[in-house]
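K.L.:
Structure below; questions to follow.
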Amino acid sequence: MKNITRFCYTLFITALMFSCTSRQGTDASSGKTADITGKTWKLTELNGKPIMLTNPKANPYFILNKADMRYAGNGGCNGVGGTFEIKQDIMHIKFNQGMSTMIACDDLATERSFTLALLAADSYSIEGNTLTLNKARMAPLAKFVIQE
């Protein structure tokens, strides 16, 4: 009888431990994949390097609108936008090329890299307030934080 009680106790503790852990990209309280739509995502890194802007107020960002499956944002100088596809359960994302304004600005190289990262991304991961756009198993293309 002691062995059965000990086994049940061990099984209960093990189940409790696994239920308290969260996977990257999930909400620990619900166990569901974190929703990245409806938030303003501000660019912090491109290709593993922190971005350097001549005008810090012109930080590139984007927002995903789930209602019409469109993204909109700003590369720092020019507006960008288009449609996107997302499969949150497997953390796949695809940005489709849409529109962009064509104003010349100081941080044009950062803006181009930002736009290329969006269009190249095929998956994402999220940890806390940080969103990472990825391409296959390569290093992260871009990192973003939720804009406060």
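Identifiers in the structure tokens: chain A, B, ... in order shown; residue index from 1 per chain; ligand index from 1 in order shown.
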Please provide the set of residues having any atom within 6 Å of Thr44 (chain A), restricted to only C-alpha atoms, with same-chain residues fewer than 6 positions apart removed, written as a short mmCIF file (atom, residue, chain, number, x, y, z; two decimals) with C-alpha atoms, in the first residue's frame.

P.N.:
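The resulting file, part12.cif, is shown below:
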```cif
data_model
loop_
_atom_site.label_atom_id
_atom_site.label_comp_id
_atom_site.auth_asym_id
_atom_site.auth_seq_id
_atom_site.Cartn_x
_atom_site.Cartn_y
_atom_site.Cartn_z
CA PRO A 50 20.91 46.69 -31.89
CA ILE A 51 19.58 49.33 -34.24
CA LYS A 143 13.57 41.64 -32.55
CA PHE A 144 10.80 43.87 -31.28
#
```

K.L.:
Leu108 (chain A): which residues within 12 Å, counting only C-alpha atoms, same-chain residues fewer than 6 positions away excluded, as a list in words?

P.N.:
Met52, Leu53, Thr54, Asn55, Ala58, Asn59, Pro60, Asn74, Gly75, Gly76, Cys77, Asn78, Met102, Phe114 and Thr115 of chain A

K.L.:
Now that the selection is made, can you save its residues with N, CA, C and O atoms as a PDB file, in the first residue's frame?

P.N.:
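What landed in out-v4.pdb:
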```pdb
ATOM      1  N   MET A  52      20.757  51.380 -34.638  1.00  0.00           N
ATOM      2  CA  MET A  52      21.310  52.705 -34.347  1.00  0.00           C
ATOM      3  C   MET A  52      20.576  53.698 -35.231  1.00  0.00           C
ATOM      4  O   MET A  52      20.656  53.615 -36.450  1.00  0.00           O
ATOM      5  N   LEU A  53      19.849  54.611 -34.606  1.00  0.00           N
ATOM      6  CA  LEU A  53      19.046  55.572 -35.358  1.00  0.00           C
ATOM      7  C   LEU A  53      19.588  56.979 -35.193  1.00  0.00           C
ATOM      8  O   LEU A  53      20.016  57.357 -34.100  1.00  0.00           O
ATOM      9  N   THR A  54      19.556  57.764 -36.279  1.00  0.00           N
ATOM     10  CA  THR A  54      19.951  59.161 -36.160  1.00  0.00           C
ATOM     11  C   THR A  54      18.851  59.961 -35.469  1.00  0.00           C
ATOM     12  O   THR A  54      19.120  60.961 -34.828  1.00  0.00           O
ATOM     13  N   ASN A  55      17.605  59.490 -35.607  1.00  0.00           N
ATOM     14  CA  ASN A  55      16.480  60.124 -34.938  1.00  0.00           C
ATOM     15  C   ASN A  55      15.741  59.063 -34.112  1.00  0.00           C
ATOM     16  O   ASN A  55      14.902  58.338 -34.647  1.00  0.00           O
ATOM     17  N   ALA A  58      12.036  58.273 -34.418  1.00  0.00           N
ATOM     18  CA  ALA A  58      11.544  57.639 -35.641  1.00  0.00           C
ATOM     19  C   ALA A  58      11.870  56.152 -35.626  1.00  0.00           C
ATOM     20  O   ALA A  58      12.423  55.608 -36.569  1.00  0.00           O
ATOM     21  N   ASN A  59      11.535  55.468 -34.541  1.00  0.00           N
ATOM     22  CA  ASN A  59      11.814  54.047 -34.387  1.00  0.00           C
ATOM     23  C   ASN A  59      10.839  53.212 -35.230  1.00  0.00           C
ATOM     24  O   ASN A  59       9.626  53.374 -35.112  1.00  0.00           O
ATOM     25  N   PRO A  60      11.358  52.330 -36.088  1.00  0.00           N
ATOM     26  CA  PRO A  60      10.471  51.478 -36.886  1.00  0.00           C
ATOM     27  C   PRO A  60       9.561  50.618 -36.002  1.00  0.00           C
ATOM     28  O   PRO A  60       9.968  50.162 -34.932  1.00  0.00           O
ATOM     29  N   ASN A  74       5.672  51.730 -39.688  1.00  0.00           N
ATOM     30  CA  ASN A  74       6.532  52.783 -40.185  1.00  0.00           C
ATOM     31  C   ASN A  74       7.961  52.298 -40.079  1.00  0.00           C
ATOM     32  O   ASN A  74       8.365  51.772 -39.040  1.00  0.00           O
ATOM     33  N   GLY A  75       8.718  52.468 -41.145  1.00  0.00           N
ATOM     34  CA  GLY A  75      10.112  52.054 -41.158  1.00  0.00           C
ATOM     35  C   GLY A  75      11.039  53.067 -40.524  1.00  0.00           C
ATOM     36  O   GLY A  75      12.249  52.892 -40.512  1.00  0.00           O
ATOM     37  N   GLY A  76      10.482  54.138 -39.987  1.00  0.00           N
ATOM     38  CA  GLY A  76      11.282  55.203 -39.399  1.00  0.00           C
ATOM     39  C   GLY A  76      11.068  56.505 -40.142  1.00  0.00           C
ATOM     40  O   GLY A  76      11.187  57.587 -39.588  1.00  0.00           O
ATOM     41  N   CYS A  77      10.728  56.392 -41.407  1.00  0.00           N
ATOM     42  CA  CYS A  77      10.492  57.554 -42.250  1.00  0.00           C
ATOM     43  C   CYS A  77       9.274  57.327 -43.143  1.00  0.00           C
ATOM     44  O   CYS A  77       8.452  58.197 -43.306  1.00  0.00           O
ATOM     45  N   ASN A  78       9.181  56.127 -43.687  1.00  0.00           N
ATOM     46  CA  ASN A  78       8.113  55.786 -44.623  1.00  0.00           C
ATOM     47  C   ASN A  78       7.118  54.805 -44.018  1.00  0.00           C
ATOM     48  O   ASN A  78       7.497  53.907 -43.268  1.00  0.00           O
ATOM     49  N   MET A 102       7.672  56.627 -50.276  1.00  0.00           N
ATOM     50  CA  MET A 102       9.019  56.693 -50.840  1.00  0.00           C
ATOM     51  C   MET A 102       9.747  57.979 -50.465  1.00  0.00           C
ATOM     52  O   MET A 102      10.391  58.594 -51.297  1.00  0.00           O
ATOM     53  N   PHE A 114      14.602  46.654 -42.170  1.00  0.00           N
ATOM     54  CA  PHE A 114      13.359  46.386 -41.436  1.00  0.00           C
ATOM     55  C   PHE A 114      12.316  45.778 -42.376  1.00  0.00           C
ATOM     56  O   PHE A 114      11.724  44.738 -42.087  1.00  0.00           O
ATOM     57  N   THR A 115      12.107  46.403 -43.527  1.00  0.00           N
ATOM     58  CA  THR A 115      11.126  45.924 -44.495  1.00  0.00           C
ATOM     59  C   THR A 115      11.509  44.547 -45.031  1.00  0.00           C
ATOM     60  O   THR A 115      10.662  43.660 -45.143  1.00  0.00           O
TER      61      THR A 115
END
```

K.L.:
Figure out the distance between CA of Asp35 (chain A) and CA of Glu148 (chain A), please, to one decimal in Å.

P.N.:
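Computed distance, CA of Glu148 (chain A) to CA of Asp35 (chain A), equals 16.8 Å.
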
K.L.:
Could you check how far CA of Met138 (chain A) sits from CA of Ser125 (chain A), in Å to one decimal?

P.N.:
12.9 Å

K.L.:
Near Arg137 (chain A), within 12 Å and counting only C-alpha atoms, which residues show up once chain neighbours fewer than 6 positions away are dropped, as a list in words?

P.N.:
Ala121, Asp122, Ser123, Tyr124 and Ser125 of chain A

K.L.:
As an NGL selection string, which residues of region 55-104 of chain A does DSSP assign to strand (DSSP E or B)?

P.N.:
:A and (61-65 or 70-74 or 79-87 or 92-95 or 99-100)

K.L.:
Residues at most 9 Å from region 80-90 of chain A, counting only C-alpha atoms, excluding those fewer than 2 positions away in the same chain, as a list in words?

P.N.:
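Non-adjacent residues within range: Lys32, Thr33, Ala34, Asp35, Ile36, Phe62, Leu64, Asp68, Met69, Arg70, Tyr71, Ala72, Gly73, Asn74, Gly75, Asn78, His92, Ile93, Lys94, Phe95, Asn96, Gln97, Gly98, Met99, Ser100, Thr101, Thr115 and Ser123 of chain A.
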
K.L.:
Work out how far CA of Lys42 (chain A) is from CA of Ile63 (chain A), in Å to one decimal.

P.N.:
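We find that CA of Ile63 (chain A) and CA of Lys42 (chain A) lie 9.1 Å from each other.
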
K.L.:
Which residue is closest to Asn134 (chain A)? Choose from A:Thr37, A:Gln147, A:Asn65, A:Asn47 and count only C-alpha atoms.

P.N.:
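Nearest to Asn134 (chain A): A:Asn47.
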